[in-house]
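my_file-v8.csv (CSV, C-alpha atoms)
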chain,number,residue,atom,x,y,z
A,21,MET,CA,41.8,-58.1,18.1
A,22,ARG,CA,38.2,-58.6,19.2
A,23,LEU,CA,39.0,-56.7,22.4
A,24,SER,CA,40.3,-53.8,20.3
A,25,LEU,CA,37.1,-53.8,18.3
A,26,LEU,CA,34.9,-53.7,21.4
A,27,LEU,CA,37.1,-51.0,22.9
A,28,SER,CA,36.8,-48.9,19.7
A,29,LEU,CA,33.0,-49.3,19.6
A,30,PHE,CA,32.8,-48.4,23.3
A,31,LEU,CA,34.8,-45.2,22.8
A,32,ALA,CA,32.7,-44.3,19.7
A,33,ILE,CA,29.4,-44.4,21.7
A,34,PRO,CA,28.7,-40.7,22.8
A,35,ALA,CA,28.6,-40.1,26.5
A,36,PHE,CA,25.0,-38.6,26.3
A,37,ALA,CA,23.8,-42.2,26.0
A,38,GLN,CA,23.6,-41.9,29.8
A,39,LEU,CA,20.2,-40.3,29.6
A,40,ARG,CA,17.7,-42.4,27.7
A,41,TRP,CA,14.7,-40.6,26.3
A,42,ASP,CA,11.4,-42.4,25.7
A,43,THR,CA,11.1,-40.1,22.7
A,44,THR,CA,12.8,-36.9,21.6
A,45,GLU,CA,10.0,-35.8,19.2
A,46,GLN,CA,6.4,-35.2,19.9
A,47,SER,CA,3.8,-34.4,17.2
A,48,LEU,CA,0.6,-32.8,18.4
A,49,LYS,CA,-2.5,-31.3,16.9
A,50,SER,CA,-4.5,-28.5,18.6
A,51,LYS,CA,-8.1,-27.7,18.4
A,52,PRO,CA,-9.7,-24.2,17.8
A,53,GLY,CA,-9.8,-22.4,21.1
A,54,ASP,CA,-6.8,-24.1,22.6
A,55,ARG,CA,-4.4,-21.7,24.1
A,56,GLU,CA,-1.3,-23.9,24.3
A,57,VAL,CA,0.2,-27.2,23.1
A,58,VAL,CA,1.7,-29.4,25.9
A,59,ALA,CA,4.3,-32.1,25.2
A,60,THR,CA,5.9,-34.4,27.8
A,61,TYR,CA,9.4,-35.9,27.3
A,62,ARG,CA,10.3,-38.7,29.7
A,63,PHE,CA,13.8,-39.9,30.4
A,64,THR,CA,15.8,-42.3,32.5
A,65,ASN,CA,19.3,-42.1,33.8
A,66,THR,CA,20.7,-45.4,32.5
A,67,GLY,CA,24.2,-44.6,33.6
A,68,THR,CA,26.0,-45.7,36.7
A,69,THR,CA,26.5,-42.2,38.2
A,70,PRO,CA,24.1,-39.4,39.0
A,71,ILE,CA,23.4,-36.9,36.2
A,72,THR,CA,22.5,-33.2,36.5
A,73,ILE,CA,20.5,-31.4,34.0
A,74,ASP,CA,21.8,-27.8,34.3
A,75,ASN,CA,20.1,-26.1,31.4
A,76,VAL,CA,16.9,-26.4,29.4
A,77,HIS,CA,16.8,-23.9,26.5
A,78,THR,CA,13.9,-23.4,24.1
A,79,SER,CA,14.3,-22.1,20.6
A,80,CYS,CA,11.3,-19.7,20.9
A,81,GLY,CA,10.1,-17.3,23.5
A,82,CYS,CA,6.7,-18.8,22.9
A,83,THR,CA,7.8,-22.1,24.5
A,84,THR,CA,8.6,-22.9,28.1
A,85,ALA,CA,10.1,-26.2,29.4
A,86,ALA,CA,9.7,-27.2,33.0
A,87,LEU,CA,11.8,-29.7,34.9
A,88,THR,CA,10.7,-30.9,38.4
A,89,LYS,CA,14.3,-31.2,39.6
A,90,ASN,CA,17.8,-31.2,38.2
A,91,GLU,CA,19.7,-34.2,39.6
A,92,TYR,CA,18.8,-37.8,38.8
A,93,ALA,CA,20.3,-40.9,40.4
A,94,PRO,CA,21.2,-44.0,38.3
A,95,GLY,CA,18.0,-45.7,37.2
A,96,GLU,CA,15.8,-42.7,38.2
A,97,SER,CA,13.3,-41.3,35.7
A,98,GLY,CA,12.1,-37.8,35.2
A,99,GLN,CA,10.2,-35.6,32.6
A,100,ILE,CA,10.3,-32.3,30.9
A,101,VAL,CA,7.0,-30.6,30.2
A,102,ALA,CA,7.1,-28.2,27.2
A,103,ARG,CA,4.3,-25.7,26.7
A,104,MET,CA,4.0,-23.8,23.5
A,105,ASP,CA,1.8,-20.7,23.6
A,106,ILE,CA,-0.4,-20.8,20.4
A,107,GLY,CA,-1.3,-17.1,20.3
A,108,SER,CA,-2.2,-16.4,16.7
A,109,ARG,CA,0.0,-19.1,15.2
A,110,THR,CA,-1.4,-21.4,12.6
A,111,GLY,CA,-0.1,-24.3,10.5
A,112,HIS,CA,2.9,-26.4,10.9
A,113,GLN,CA,5.1,-25.3,13.9
A,114,GLU,CA,8.4,-26.8,14.9
A,115,LYS,CA,10.2,-25.8,18.1
A,116,SER,CA,13.3,-27.2,19.7
A,117,ILE,CA,14.3,-27.6,23.3
A,118,LEU,CA,18.0,-28.1,24.1
A,119,VAL,CA,18.8,-30.1,27.2
A,120,THR,CA,22.3,-29.8,28.6
A,121,THR,CA,23.7,-31.9,31.4
A,122,LYS,CA,26.6,-31.0,33.6
A,123,GLN,CA,28.3,-34.3,32.7
A,124,ASN,CA,28.1,-33.7,28.9
A,125,PRO,CA,27.8,-29.9,28.4
A,126,LYS,CA,28.9,-30.0,24.8
A,127,THR,CA,26.4,-32.6,23.6
A,128,PRO,CA,22.9,-31.3,24.4
A,129,THR,CA,19.9,-33.5,23.6
A,130,ILE,CA,17.6,-31.8,21.1
A,131,LEU,CA,13.9,-32.4,21.8
A,132,ARG,CA,11.5,-31.4,19.1
A,133,LEU,CA,7.9,-30.2,19.5
A,134,ILE,CA,6.0,-30.4,16.3
A,135,ALA,CA,2.5,-28.9,16.4
A,136,ASP,CA,-0.1,-28.8,13.7
A,137,ILE,CA,-2.4,-25.8,14.5
A,138,PRO,CA,-5.3,-25.9,12.2
A,139,GLU,CA,-6.6,-22.6,10.7
A,140,PRO,CA,-10.4,-22.9,11.1
A,141,LEU,CA,-11.1,-20.3,8.5
A,142,VAL,CA,-9.2,-18.5,5.8
A,143,MET,CA,-9.6,-14.8,5.2
A,144,LYS,CA,-8.2,-13.0,2.2
A,145,PRO,CA,-7.2,-10.3,2.8
A,146,THR,CA,-7.5,-9.6,6.5
A,147,PHE,CA,-7.7,-5.8,6.0
A,148,VAL,CA,-8.9,-3.3,3.4
A,149,MET,CA,-7.6,0.2,3.0
A,150,TRP,CA,-8.5,3.5,1.3
A,151,GLY,CA,-6.4,6.6,1.0
A,152,VAL,CA,-8.0,9.8,2.3
A,153,GLY,CA,-9.8,11.3,-0.7
A,154,GLU,CA,-9.9,8.0,-2.6
A,155,SER,CA,-13.3,7.0,-4.1
A,156,PRO,CA,-15.2,5.2,-1.3
A,157,LYS,CA,-15.9,2.1,-3.5
A,158,PRO,CA,-16.6,-1.2,-1.7
A,159,LYS,CA,-13.7,-3.6,-1.1
A,160,THR,CA,-14.2,-7.3,-0.5
A,161,ILE,CA,-12.9,-9.7,2.1
A,162,TYR,CA,-13.4,-13.4,1.3
A,163,ILE,CA,-14.0,-15.7,4.3
A,164,LYS,CA,-14.1,-19.5,4.0
A,165,VAL,CA,-14.3,-22.2,6.7
A,166,THR,CA,-11.6,-24.8,6.2
A,167,ASP,CA,-12.9,-28.1,5.0
A,168,GLY,CA,-13.7,-30.5,7.8
A,169,PHE,CA,-14.2,-27.9,10.5
A,170,PRO,CA,-17.7,-27.9,12.1
A,171,ILE,CA,-17.8,-24.1,12.2
A,172,LYS,CA,-20.7,-21.9,11.2
A,173,LEU,CA,-20.0,-18.3,10.3
A,174,LEU,CA,-22.9,-16.5,12.1
A,175,LYS,CA,-22.4,-12.8,11.6
A,176,VAL,CA,-20.0,-10.0,10.6
A,177,ASP,CA,-20.3,-6.7,12.4
A,178,SER,CA,-18.4,-3.4,12.0
A,179,ASP,CA,-17.6,-1.6,15.2
A,180,ASN,CA,-17.7,1.8,13.4
A,181,PRO,CA,-21.0,3.0,12.0
A,182,ASP,CA,-19.1,5.0,9.4
A,183,ILE,CA,-17.7,1.9,7.8
A,184,LYS,CA,-20.5,-0.5,6.7
A,185,VAL,CA,-20.4,-4.2,5.9
A,186,ASP,CA,-22.7,-6.0,3.5
A,187,VAL,CA,-22.4,-9.8,3.6
A,188,SER,CA,-23.1,-12.1,0.6
A,189,GLU,CA,-23.3,-15.8,1.4
A,190,VAL,CA,-21.6,-17.9,-1.2
A,191,HIS,CA,-22.4,-21.0,0.8
A,192,PRO,CA,-24.5,-20.2,3.9
A,193,GLY,CA,-22.4,-20.4,7.1
A,194,VAL,CA,-19.2,-21.6,5.4
A,195,GLU,CA,-18.2,-19.1,2.7
A,196,LEU,CA,-18.9,-15.4,2.7
A,197,GLU,CA,-18.0,-12.3,0.8
A,198,VAL,CA,-17.9,-9.3,3.0
A,199,HIS,CA,-18.2,-6.0,1.1
A,200,VAL,CA,-16.8,-3.1,3.1
A,201,THR,CA,-17.7,0.5,2.3
A,202,PRO,CA,-16.7,3.7,4.1
A,203,LYS,CA,-19.4,6.3,4.3
A,204,ASP,CA,-16.8,8.8,3.1
A,205,THR,CA,-13.1,9.0,2.8
A,206,SER,CA,-12.5,12.7,3.5
A,207,ARG,CA,-11.0,11.9,6.9
A,208,PRO,CA,-9.2,8.9,8.5
A,209,GLU,CA,-11.4,6.2,9.9
A,210,MET,CA,-10.8,2.7,11.3
A,211,ALA,CA,-13.1,-0.2,11.9
A,212,THR,CA,-12.6,-3.7,13.4
A,213,LEU,CA,-14.8,-6.2,11.7
A,214,LEU,CA,-16.0,-8.9,14.1
A,215,ILE,CA,-16.6,-12.3,12.4
A,216,ARG,CA,-18.6,-14.3,14.9
A,217,THR,CA,-18.7,-18.1,14.8
A,218,ASP,CA,-20.5,-20.9,16.8
A,219,TYR,CA,-17.4,-23.0,17.4
A,220,PRO,CA,-16.4,-24.4,19.8
A,221,SER,CA,-19.8,-24.5,21.4
A,222,ASP,CA,-18.4,-23.9,25.0
A,223,ASN,CA,-16.3,-20.9,23.9
A,224,PRO,CA,-17.4,-19.6,20.4
A,225,GLN,CA,-14.5,-17.8,18.7
A,226,THR,CA,-14.6,-14.4,17.1
A,227,TYR,CA,-12.1,-13.6,14.4
A,228,TYR,CA,-11.1,-10.1,13.3
A,229,ALA,CA,-10.6,-8.2,10.1
A,230,TYR,CA,-9.9,-4.5,9.7
A,231,ALA,CA,-10.9,-1.6,7.5
A,232,LYS,CA,-9.1,1.7,7.4
A,233,VAL,CA,-9.2,5.0,5.7
A,234,LYS,CA,-5.8,6.8,6.0
B,3,MET,CA,36.7,-61.4,11.2
B,4,THR,CA,39.9,-60.1,9.6
B,5,ALA,CA,41.6,-56.9,10.7
B,6,LEU,CA,40.5,-55.2,7.4
B,7,GLN,CA,36.8,-56.2,8.1
B,8,GLN,CA,37.1,-54.8,11.6
B,9,ALA,CA,38.6,-51.5,10.3
B,10,GLY,CA,35.7,-51.3,7.8
B,11,LEU,CA,33.1,-51.9,10.5
B,12,ILE,CA,34.6,-49.3,12.8
B,13,LEU,CA,34.7,-46.8,9.9
B,14,LEU,CA,31.1,-47.5,9.0
B,15,ILE,CA,29.9,-47.0,12.6
B,16,ALA,CA,32.0,-43.8,12.9
B,17,VAL,CA,30.5,-42.4,9.6
B,18,GLY,CA,27.0,-43.3,10.8
B,19,LEU,CA,27.5,-41.5,14.1
B,20,ALA,CA,29.1,-38.5,12.5
B,21,GLY,CA,26.2,-38.3,9.9
B,22,ALA,CA,23.6,-38.4,12.7
B,23,THR,CA,25.4,-35.7,14.6
B,24,ALA,CA,25.7,-33.5,11.5
B,25,ALA,CA,22.0,-33.9,10.8
B,26,VAL,CA,20.8,-32.7,14.3
B,27,HIS,CA,23.6,-30.5,15.6
B,28,PRO,CA,22.6,-26.8,16.0
B,29,LYS,CA,26.1,-25.7,14.8
B,30,ARG,CA,26.3,-28.0,11.8
B,31,PRO,CA,28.4,-26.7,8.9
B,32,PRO,CA,26.8,-24.4,6.4
B,33,PHE,CA,26.7,-26.9,3.5
B,34,LEU,CA,23.9,-28.7,5.5
B,35,VAL,CA,21.9,-25.6,6.1
B,36,PRO,CA,18.8,-25.4,3.9
B,37,PRO,CA,18.9,-23.1,0.9
B,38,ARG,CA,18.0,-19.4,1.5
B,39,ASP,CA,14.4,-18.3,1.4
B,40,SER,CA,13.6,-15.9,-1.4
B,41,ASN,CA,12.0,-13.6,1.1
B,42,GLU,CA,15.1,-13.3,3.2
B,43,VAL,CA,17.0,-10.1,2.7
B,44,THR,CA,20.3,-8.7,4.0
B,45,LEU,CA,20.8,-5.3,5.4
B,46,ALA,CA,22.6,-4.2,2.3
B,47,GLN,CA,19.6,-5.2,0.2
B,48,THR,CA,17.3,-3.0,2.3
B,49,LYS,CA,19.5,0.1,1.9
B,50,PRO,CA,17.9,1.2,-1.4
B,51,TRP,CA,14.5,0.9,0.2
B,52,ALA,CA,15.2,3.7,2.8
B,53,GLY,CA,12.2,6.0,3.1
B,54,ASN,CA,9.8,3.3,2.0
B,55,ILE,CA,10.4,0.6,4.5
B,56,LEU,CA,8.5,-0.4,7.6
B,57,TRP,CA,10.5,-2.4,10.2
B,58,VAL,CA,8.6,-5.0,12.2
B,59,ASP,CA,10.1,-6.3,15.4
B,60,ALA,CA,8.9,-9.9,16.0
B,61,ARG,CA,10.5,-10.2,19.4
B,62,SER,CA,8.7,-10.0,22.7
B,63,GLU,CA,7.2,-6.7,23.9
B,64,SER,CA,9.9,-6.4,26.7
B,65,GLU,CA,12.8,-6.8,24.2
B,66,PHE,CA,11.2,-4.3,21.9
B,67,ALA,CA,10.7,-1.8,24.8
B,68,SER,CA,14.4,-2.3,25.8
B,69,GLU,CA,15.8,-1.5,22.3
B,70,HIS,CA,14.6,-1.6,18.7
B,71,ILE,CA,15.3,-0.3,15.2
B,72,PRO,CA,14.1,3.3,15.1
B,73,ASP,CA,10.4,3.6,14.0
B,74,ALA,CA,9.9,-0.2,14.1
B,75,VAL,CA,6.6,-1.6,15.2
B,76,CYS,CA,6.2,-4.5,17.5
B,77,LEU,CA,4.2,-7.5,16.2
B,78,ASN,CA,4.2,-11.0,17.5
B,79,PHE,CA,1.9,-14.0,17.7
B,80,GLU,CA,1.2,-13.6,21.4
B,81,ASN,CA,-0.5,-10.2,21.0
B,82,TRP,CA,-1.4,-10.2,17.3
B,83,ASN,CA,-5.0,-9.0,17.7
B,84,GLU,CA,-3.9,-5.9,19.7
B,85,GLN,CA,-0.8,-5.1,17.7
B,86,PHE,CA,-2.0,-5.7,14.2
B,87,PRO,CA,-4.2,-2.5,14.2
B,88,LYS,CA,-1.2,-0.6,15.3
B,89,PHE,CA,0.8,-2.1,12.5
B,90,LEU,CA,-2.0,-0.9,10.1
B,91,ASP,CA,-1.7,2.6,11.5
B,92,ARG,CA,1.9,2.7,10.2
B,93,TYR,CA,1.6,0.7,7.1
B,94,ASN,CA,0.9,2.1,3.7
B,95,PRO,CA,0.2,-0.1,0.6
B,96,GLY,CA,3.3,-0.4,-1.6
B,97,GLN,CA,5.6,0.0,1.4
B,98,ARG,CA,8.2,-2.7,1.9
B,99,VAL,CA,7.9,-4.5,5.3
B,100,VAL,CA,11.0,-6.1,6.8
B,101,VAL,CA,10.6,-8.4,9.8
B,102,TYR,CA,13.4,-9.0,12.2
B,103,CYS,CA,13.9,-11.2,15.2
B,104,SER,CA,16.7,-11.7,17.7
B,105,ALA,CA,19.1,-14.2,16.1
B,106,THR,CA,20.0,-16.1,13.0
B,107,SER,CA,18.3,-19.2,14.2
B,108,CYS,CA,15.1,-17.4,15.1
B,109,GLN,CA,12.2,-18.6,13.1
B,110,LEU,CA,9.8,-15.9,14.3
B,111,SER,CA,10.7,-13.3,11.7
B,112,ARG,CA,10.1,-15.8,9.0
B,113,GLU,CA,6.7,-16.9,10.5
B,114,ILE,CA,5.5,-13.3,11.1
B,115,ALA,CA,6.5,-12.4,7.5
B,116,ALA,CA,4.5,-15.4,6.2
B,117,LYS,CA,1.5,-14.4,8.3
B,118,LEU,CA,1.7,-10.8,7.0
B,119,LYS,CA,1.9,-12.0,3.4
B,120,SER,CA,-1.2,-14.2,3.9
B,121,SER,CA,-3.0,-11.2,5.5
B,122,GLY,CA,-2.5,-9.2,2.3
B,123,VAL,CA,0.8,-7.4,2.9
B,124,ASP,CA,2.5,-8.3,-0.3
B,125,GLU,CA,6.0,-6.9,-0.1
B,126,THR,CA,7.1,-8.6,3.1
B,127,TYR,CA,10.6,-9.8,3.9
B,128,PHE,CA,12.6,-11.0,6.8
B,129,LEU,CA,16.1,-9.9,7.8
B,130,GLU,CA,19.1,-12.2,7.7
B,131,GLY,CA,21.0,-12.1,11.0
B,132,GLY,CA,18.1,-10.2,12.7
B,133,TRP,CA,18.4,-7.6,15.3
B,134,GLU,CA,22.1,-8.5,16.0
B,135,ALA,CA,23.0,-7.9,12.3
B,136,TRP,CA,21.4,-4.5,12.4
B,137,LYS,CA,22.9,-3.6,15.8
B,138,GLN,CA,26.4,-4.6,14.6
B,139,GLN,CA,26.2,-2.3,11.5
B,140,ASN,CA,24.6,0.6,13.4
B,141,ARG,CA,26.9,0.8,16.4
B,142,PRO,CA,27.3,4.4,17.7
Let me see the file written as structure tokens.
Amino acid sequence: MRLSLLLSLFLAIPAFAQLRWDTTEQSLKSKPGDREVVATYRFTNTGTTPITIDNVHTSCGCTTAALTKNEYAPGESGQIVARMDIGSRTGHQEKSILVTTKQNPKTPTILRLIADIPEPLVMKPTFVMWGVGESPKPKTIYIKVTDGFPIKLLKVDSDNPDIKVDVSEVHPGVELEVHVTPKDTSRPEMATLLIRTDYPSDNPQTYYAYAKVK
Amino acid sequence: MTALQQAGLILLIAVGLAGATAAVHPKRPPFLVPPRDSNEVTLAQTKPWAGNILWVDARSESEFASEHIPDAVCLNFENWNEQFPKFLDRYNPGQRVVVYCSATSCQLSREIAAKLKSSGVDETYFLEGGWEAWKQQNRP
């Protein structure tokens, strides 16, 4: 009877147990200015036969996953390096990487990359608009540095002299009201507003807002 | 250990393994899929908006270049600062914006819709079934 119990337990253990992962989930936090988040997933072939990783599929086009080679002998270790392009992403991000082996093609291992991408400043809204012919009254964009970020808002410029900005400092360097006014609204106009900061010191970031008459 | 206890133990282990698989499997049954987001719309729901809808393609630029919903604009996180002004060229306040991506499991359309909303585009939704759903219903 004990033998039948052991046999049942053995059969119930999924075959993918052959690859043992140090961890299948990585939680990372990026800094302002970072271009990517990199996570490494180490594994060991704990089985008695070689194993071939024949497919590594990521859930997002923004994430790549690199493997140095495909075949691993018993006892051999390897790693998958996943890179998520941050782009303009902010907040909580979860991406998956599906790893399929030739030996167990129907039971992929799911690796999770969890990234917390802080939003250094909040802008509401990020654009203002007027219709052609609408009264050219000022519209306001609120900008605030997220608590805990050592960022100073230095300056806001418009790249179009026909759309002016007037900045009121609610709390100098950390909270601003940007009043945007078109010279006139008789014709379409567009301006990019450049919000200049001092952070990070080696590569100070500029953020963008937009004003448009259309 | 009696035969009954052994059977109970085997059942317990099997249920545990099945539960773990159901929690992480990409093709888990629908009853385990999270409830639908209120900003998710079906193609049928977008039909009455014809004429006042701006489609946003959240896929890569190369996928967009290959094929897209007519009059859609390309907008993704990789090129947001370059593409957002082009989005504004096409967007009019009051218009409904529907973001789509390439598959039902794609999170991009949901994420782009959330970013547009936080940018000040109030009426923003994302399409259930994404590009494939649109393509299936608009075959030549």
Please return, as a VMD selection string, all polymer residues that have at least one atom within 12 Å of the point (-4.4, -30.4, 17.6); use only C-alpha atoms and the file's own coordinate frame. chain A and resid 47 to 59 106 110 to 113 134 to 140
Would you mind reading off the distance between CA of Ser206 (chain A) and CA of Asp182 (chain A), one decimal, in Å?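 Between these atoms lies a distance of 11.7 Å.
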Between A:Arg40, A:Lys184, A:His77, A:His191, which one has atoms that come closest to Val165 (chain A), using only C-alpha atoms?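 Selected residue with least distance to Val165 (chain A): A:His191.
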Which residues, written as a PyMOL selection string, have at least one atom at most 7 Å from Leu118 (chain A), with all atoms listed in the file counted and residues fewer than 2 positions away on the same chain left out? chain A and resi 76-78+116+120+128-131
Chain B contacts to chain A at 10 Å (all atoms listed in the file) as a ChimeraX atom specification: /B:3-5,8-9,11-12,15-16,19-20,23,26-28,61-62,78-83,86-87,90-95,107-110,113-114,117-123
List the spatial neighbours of Pro70 (chain A) as an NGL selection string - criterion: any atom at most 7 Å away, only C-alpha atoms, same-chain residues fewer than 6 positions off excluded. :A and (91-94)
CA of Lys126 (chain A) to CA of Thr83 (chain A): how many Å, to one decimal? 22.5 Å
If we count only C-alpha atoms, what is near Trp51 (chain B) at a cut-off of 10 Å, once residues fewer than 3 positions away on the same chain are taken out, given as a list in words?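 Near neighbours after the sequence-gap exclusion: Ala46, Gln47, Thr48, Asn54, Ile55, Leu56, Gln97, Arg98 and Val99 of chain B.
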Could you list, as a PyMOL selection string, every residue within 10 Å of Leu87 (chain A), counting only C-alpha atoms and ignoring same-chain residues fewer than 3 positions away? chain A and resi 73+75-76+90+98-102
Pick from B:Ser111, B:Val17, B:Glu134, B:Asn140: nearest to Pro72 (chain B), with only C-alpha atoms counted?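 That would be B:Asn140, the residue with the smallest distance to Pro72 (chain B).
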As a ChimeraX atom specification, please: the residues near Phe66 (chain B) (cut-off 12 Å, all atoms listed in the file, same-chain neighbours under 5 positions excluded). /B:57-61,71-78,102-104,133
As an exercise, work out the distance from CA of Ile117 (chain A) to CA of Thr43 (chain A) in Å and give it to one decimal place.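 Interatomic distance, CA of Ile117 (chain A) to CA of Thr43 (chain A): 12.9 Å.
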For a cut-off of 7 Å around (-21.4, -18.5, 14.0), file coordinates, pick out all residues using only C-alpha atoms and list them as a VMD selection string. chain A and resid 171 to 175 216 to 219
Among B:Gln7, B:Gln139, B:Gln85, B:Ser68, Thr44 (chain B) is approached most closely, using all atoms listed in the file, by B:Gln139
Between A:Trp41, A:Thr166, A:Gln225, A:Ile183, single out the one closest to Val119 (chain A), counting only C-alpha atoms.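 With only C-alpha atoms as the atom set, the closest residue is A:Trp41.
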